[in-house]
Amino acid sequence: MAKTEKSFPRNFTGCLTCVQVLNIMVLLGFMLNYALRVNLTIAIVEMIYDTKNHTVANFTEHINGTVEHPGHIEQTRYHWDTKQKNLLLGCFFWGYVLTELPGGRLAEIIGARRVFGYSTLLASILTLLSPWAAAAGFGWIVALRVVLGFLLGATWPAILPMASKWIPPMDRSKFMSNMMASSLGAAMTMPICGFLIAHFGWESAFYFTGIIGVMWSVSWFAVVYDTPAQHPRISETERNHLMKALPQDTNNGHMPVPWRSLLTSPPVWAIVVTHGASVFGYFTVVNQLPTYIESILHYDIKHNGLLSSLPYLGKYLCALASSVLADSLRRSGRLSTTAARKLFTGFAVGLPGIMMLVQAFYGHDRIWSIAIFTLALTINGAVTAGYLGNGLDIAPKFSGTIFGIANTLSSFGGWLSTFMVGELTKHDKTYYQWQKVFFILAGTYAFGALVFVIFGSGELQPWSSPRPEPEEKNEEEPLNEQKV
């Protein structure tokens with residue numbers, strides 16, 4: 001049956017279908033999600049007063065921290081040391097880690113529309129307040145970033161329960177590639193913010209992303225609903241098609257999580273461990289690439305924003321291509337779901353480990369370094385066809401909970417990555433110290449890939465449907481149809 005399952009028909013009414021609108025809004029939502037996060041990684045380069053590069057001959061520093069450069073704009077800079085800088089970059093994860101699991105479970109209960117929508121709206125408002133928080137003091141901007149992480153932490157696991165209500169199994173890899181639009185968001189945010197900062201000051205990076213976020217949030221609540229049955233403007237043709245392709249849960253109550261079975265399931269832990277390894281490497285690059293480009297490769301802020309964006313653009317394109325390929329291979333029967341998930345995870349997580357080994361020996365060269373970073377993150381985009389949506393395969397009713405657990409533990413890795421780089425480079429910002437970072441990343445990627453290849457699965461787990469009633473109803477339905 002799985003081999004002959006069809007994708008959604010297109011254009012029921014001659015315009016965009018509700019599923020297509022959902023895909024577009026989720027794609028834009030994850031682009032925005034990372035724009036709200038990575039704006040600081042490019043802005044912080046200009047927020048901090050660098051005593052090495054800003055000499056008395058070139059700059060006049062005022063008591064209030066404002067710095068003037070001949071022929072350029074006047075900006076406020078802060079005397080934050082390397083440890084404070086990495087603390088500010090890493091504190092986002094203090095809040096982020098708290099809402100991953102609750103966010104996934106809450107979306108299973110009340111729906112992703114409210115969880116994803118309100119979290120993004122409040123995060124956008126906080127982003128608009130970031131320049132004020134920085135001016136108020138270092139403690140204020142740290143507190144704001146913690147709350148920002150708290151809000152955005154709930155968004156990622158919330159989307160999987162929505163996918164279980166709108167997207168058929170054989171189309172889910174392609175839908176999951178929308179989550180990798182976060183990389184596309186970073187790819188666009190980096191050069192745009194680099195341009196804005198160079199011409200209008202670092203504050204403009206926060207104003208730009210914050211305003212876009214508010215606009216998206218209003219649109220989200222206007223056009224997105226949790227299920228086809230709740231959507232007021234869906235056509236009867238599309239609703240009937242979705243109900244047939246993806247039967248909706250008619251129970252008003254919500255199934256309790258089978259915690260014992262879930263937490264002792266090897267396929268669940270394969271997702272958790274592999275996601276942690278992949279995200280550890282990804283966050284290390286996301287948070288530290290602008291700093292590495294400036295301090296080791298010595299590019300200025302304009303080139304920094306453009307070069308920092310290249311790996312993210314490649315990651316999204318690879319995510320999209322690999323997801324379409326994976327769904328095609330599964331739909332045709334040439335690969336089972338288990339084989340597809342293992343193959344693409346091994347490719348997406350294992351090969352970046354090899355790239356990090358190469359980076360450890362050739363990363364001092366500008367061209368080699370940018371090429372390696374770009375290739376490593378590009379390849380990593382294939383996780384959308386691998387483990388990223390695997391929770392929908394093994395336990396669709398608890399996919400938000402599983403992803404919440406995975407992202408919770410991986411968030412510790414995100415904080416650990418900034419702490420690791422800070423400790424390794426705080427006294428010695430040399431390429432030799434960065435080599436240690438690359439060796440650690442190589443080992444982490446390799447371990448994650450190995451765990452999933454051994455323990456991963458694409459089969460529905462027996463504990464994922466503890467209630468037997470749906471199976472009894474399915475057996476009776478053909479009899480009822482024959483009587484009519």
# chains A, B, ... in the order shown; residues from 1 in each chain; ligands from 1
call {"tool": "select_by_dssp", "arguments": {"residues": "stretch 130-315 of chain A", "states": "helix (DSSP H, G or I)", "output": "PyMOL selection string"}}
result
chain A and resi 130-136+138-152+155-166+169-200+203-223+228-230+236-245+259-263+266-295+301-315
call {"tool": "closest_atom_pairs", "arguments": {"of": "stretch 21-45 of chain A", "to": "stretch 208-222 of chain A", "cutoff": "9 Å", "atoms": "only C-alpha atoms", "output": "CSV"}}
result
residue,atom,partner,partner_atom,distance
A:Leu22,CA,A:Trp220,CA,9.0
A:Met25,CA,A:Trp220,CA,6.7
A:Val26,CA,A:Trp220,CA,8.8
A:Leu28,CA,A:Trp216,CA,7.9
A:Gly29,CA,A:Trp216,CA,7.3
A:Leu32,CA,A:Gly213,CA,6.4
A:Asn33,CA,A:Gly213,CA,8.4
A:Ala35,CA,A:Thr209,CA,6.3
A:Leu36,CA,A:Thr209,CA,6.1
A:Asn39,CA,A:Thr209,CA,7.6
call {"tool": "residues_around", "arguments": {"residues": "A:Val21", "least_positions_apart": "4", "cutoff": "8 Å", "atoms": "only C-alpha atoms", "output": "VMD selection string"}}
result
chain A and resid 16 to 17 25 223 to 224
call {"tool": "write_last_selection", "arguments": {"atoms": "all heavy atoms", "output": "compact mmCIF listing (two decimals), in the first residue's frame"}}
result
# COMPACT_ATOMS: atom_id res chain seq x y z
N LEU A 16 -3.66 28.56 -4.66
CA LEU A 16 -2.93 27.77 -3.68
C LEU A 16 -3.89 26.97 -2.80
O LEU A 16 -4.91 27.48 -2.33
CB LEU A 16 -2.09 28.70 -2.80
CG LEU A 16 -0.91 29.39 -3.45
CD1 LEU A 16 -0.25 30.33 -2.46
CD2 LEU A 16 0.10 28.38 -3.96
N THR A 17 -3.54 25.72 -2.56
CA THR A 17 -4.31 24.91 -1.63
C THR A 17 -3.89 25.26 -0.20
O THR A 17 -2.86 25.91 0.03
CB THR A 17 -4.06 23.41 -1.87
OG1 THR A 17 -2.70 23.12 -1.53
CG2 THR A 17 -4.33 23.04 -3.31
N MET A 25 4.03 29.03 4.83
CA MET A 25 4.10 29.71 6.13
C MET A 25 5.09 29.03 7.07
O MET A 25 5.80 29.71 7.84
CB MET A 25 2.71 29.76 6.77
CG MET A 25 1.73 30.69 6.07
SD MET A 25 2.34 32.39 5.92
CE MET A 25 2.49 32.86 7.65
N VAL A 223 -4.05 32.57 8.31
CA VAL A 223 -4.17 31.56 7.24
C VAL A 223 -3.88 30.13 7.66
O VAL A 223 -4.10 29.20 6.87
CB VAL A 223 -3.24 31.93 6.05
CG1 VAL A 223 -3.61 33.28 5.47
CG2 VAL A 223 -1.76 31.91 6.47
N VAL A 224 -3.39 29.89 8.88
CA VAL A 224 -3.00 28.54 9.30
C VAL A 224 -3.93 28.04 10.41
O VAL A 224 -4.25 28.78 11.35
CB VAL A 224 -1.53 28.52 9.78
CG1 VAL A 224 -1.20 27.17 10.40
CG2 VAL A 224 -0.60 28.82 8.62
call {"tool": "atom_distance", "arguments": {"atom1": "atom CA of A:Thr374", "atom2": "atom CA of A:Phe283"}}
result
14.2 Å
call {"tool": "residues_around", "arguments": {"residues": "A:Ser465", "least_positions_apart": "4", "cutoff": "9 Å", "atoms": "only C-alpha atoms", "output": "list in words"}}
result
Met255, Ala395, Lys397 and Gln461 of chain A
call {"tool": "write_last_selection", "arguments": {"atoms": "C-alpha atoms", "output": "PDB file, in the first residue's frame"}}
result
ATOM      1  CA  MET A 255      -3.591   9.832  24.603  1.00  0.00           C
ATOM      2  CA  ALA A 395       5.258   7.312  16.721  1.00  0.00           C
ATOM      3  CA  LYS A 397       0.988  10.716  17.930  1.00  0.00           C
ATOM      4  CA  GLN A 461       6.528   1.175  17.130  1.00  0.00           C
TER       5      GLN A 461
END
call {"tool": "residues_around", "arguments": {"residues": "A:Leu409", "least_positions_apart": "2", "cutoff": "12 Å", "atoms": "only C-alpha atoms", "output": "ChimeraX atom specification"}}
result
/A:93-94,96-101,153,269,271-280,402-407,411-416
call {"tool": "atom_distance", "arguments": {"atom1": "atom CA of A:Tyr445", "atom2": "atom CA of A:Gly90"}}
result
20.6 Å
call {"tool": "select_by_dssp", "arguments": {"residues": "stretch 60-260 of chain A", "states": "strand (DSSP E)", "output": "PyMOL selection string"}}
result
chain A and resi 60-61+66-68+75-76
call {"tool": "residues_around", "arguments": {"residues": "A:Leu343", "least_positions_apart": "5", "cutoff": "12 Å", "atoms": "only C-alpha atoms", "output": "PyMOL selection string"}}
result
chain A and resi 322+325-326+329+335-338+348-351+382-387+449-450+452-454+456-458
call {"tool": "write_last_selection", "arguments": {"atoms": "C-alpha atoms", "output": "mmCIF file, in the first residue's frame"}}
result
data_model
loop_
_atom_site.group_PDB
_atom_site.id
_atom_site.type_symbol
_atom_site.label_atom_id
_atom_site.label_comp_id
_atom_site.auth_asym_id
_atom_site.auth_seq_id
_atom_site.Cartn_x
_atom_site.Cartn_y
_atom_site.Cartn_z
ATOM 1 C CA SER A 322 17.486 15.097 -0.438
ATOM 2 C CA LEU A 325 14.724 12.167 -3.417
ATOM 3 C CA ALA A 326 13.977 10.262 -0.198
ATOM 4 C CA LEU A 329 12.620 6.381 -3.322
ATOM 5 C CA LEU A 335 14.006 1.937 -0.382
ATOM 6 C CA SER A 336 12.158 1.078 2.787
ATOM 7 C CA THR A 337 11.593 3.877 5.268
ATOM 8 C CA THR A 338 14.200 2.379 7.601
ATOM 9 C CA ALA A 348 24.288 13.945 6.477
ATOM 10 C CA VAL A 349 25.991 13.409 9.836
ATOM 11 C CA GLY A 350 28.951 11.175 8.975
ATOM 12 C CA LEU A 351 30.490 13.146 6.092
ATOM 13 C CA ALA A 382 20.162 15.921 4.287
ATOM 14 C CA VAL A 383 19.095 15.220 7.890
ATOM 15 C CA THR A 384 15.558 16.182 6.766
ATOM 16 C CA ALA A 385 15.490 12.934 4.769
ATOM 17 C CA GLY A 386 17.123 11.104 7.665
ATOM 18 C CA TYR A 387 16.459 11.256 11.386
ATOM 19 C CA ALA A 449 26.039 8.836 12.588
ATOM 20 C CA LEU A 450 27.133 5.457 13.949
ATOM 21 C CA PHE A 452 21.603 5.961 14.181
ATOM 22 C CA VAL A 453 22.872 3.465 11.621
ATOM 23 C CA ILE A 454 22.925 0.793 14.347
ATOM 24 C CA GLY A 456 17.557 3.699 14.046
ATOM 25 C CA SER A 457 14.269 2.440 12.573
ATOM 26 C CA GLY A 458 11.533 3.626 10.236
#
call {"tool": "residues_around", "arguments": {"residues": "A:Gln288", "least_positions_apart": "5", "cutoff": "8 Å", "atoms": "only C-alpha atoms", "output": "PDB file with all heavy atoms, in the first residue's frame"}}
result
ATOM      1  N   THR A  41      24.694  37.079  16.280  1.00  0.00           N
ATOM      2  CA  THR A  41      26.018  36.564  15.947  1.00  0.00           C
ATOM      3  C   THR A  41      26.761  37.473  14.968  1.00  0.00           C
ATOM      4  O   THR A  41      27.995  37.508  14.971  1.00  0.00           O
ATOM      5  CB  THR A  41      25.928  35.143  15.343  1.00  0.00           C
ATOM      6  OG1 THR A  41      25.252  35.198  14.087  1.00  0.00           O
ATOM      7  CG2 THR A  41      25.196  34.208  16.274  1.00  0.00           C
ATOM      8  N   THR A 418      29.373  26.851  22.750  1.00  0.00           N
ATOM      9  CA  THR A 418      29.860  28.213  22.974  1.00  0.00           C
ATOM     10  C   THR A 418      30.815  28.255  24.163  1.00  0.00           C
ATOM     11  O   THR A 418      31.823  28.972  24.143  1.00  0.00           O
ATOM     12  CB  THR A 418      28.691  29.178  23.227  1.00  0.00           C
ATOM     13  OG1 THR A 418      27.915  28.721  24.332  1.00  0.00           O
ATOM     14  CG2 THR A 418      27.805  29.277  22.009  1.00  0.00           C
ATOM     15  N   VAL A 421      34.278  26.718  22.940  1.00  0.00           N
ATOM     16  CA  VAL A 421      35.071  27.643  22.130  1.00  0.00           C
ATOM     17  C   VAL A 421      35.597  28.793  22.988  1.00  0.00           C
ATOM     18  O   VAL A 421      36.744  29.210  22.847  1.00  0.00           O
ATOM     19  CB  VAL A 421      34.243  28.189  20.955  1.00  0.00           C
ATOM     20  CG1 VAL A 421      35.012  29.267  20.195  1.00  0.00           C
ATOM     21  CG2 VAL A 421      33.846  27.057  20.012  1.00  0.00           C
TER      22      VAL A 421
END
call {"tool": "closest_residue", "arguments": {"among": "A:Cys18, A:Leu242, A:Leu148, A:Met176", "to": "A:Leu160", "atoms": "only C-alpha atoms"}}
result
A:Met176
call {"tool": "closest_residue", "arguments": {"among": "A:Gly149, A:Pro311, A:Gly117, A:Gly381", "to": "A:Gly346", "atoms": "only C-alpha atoms"}}
result
A:Gly381
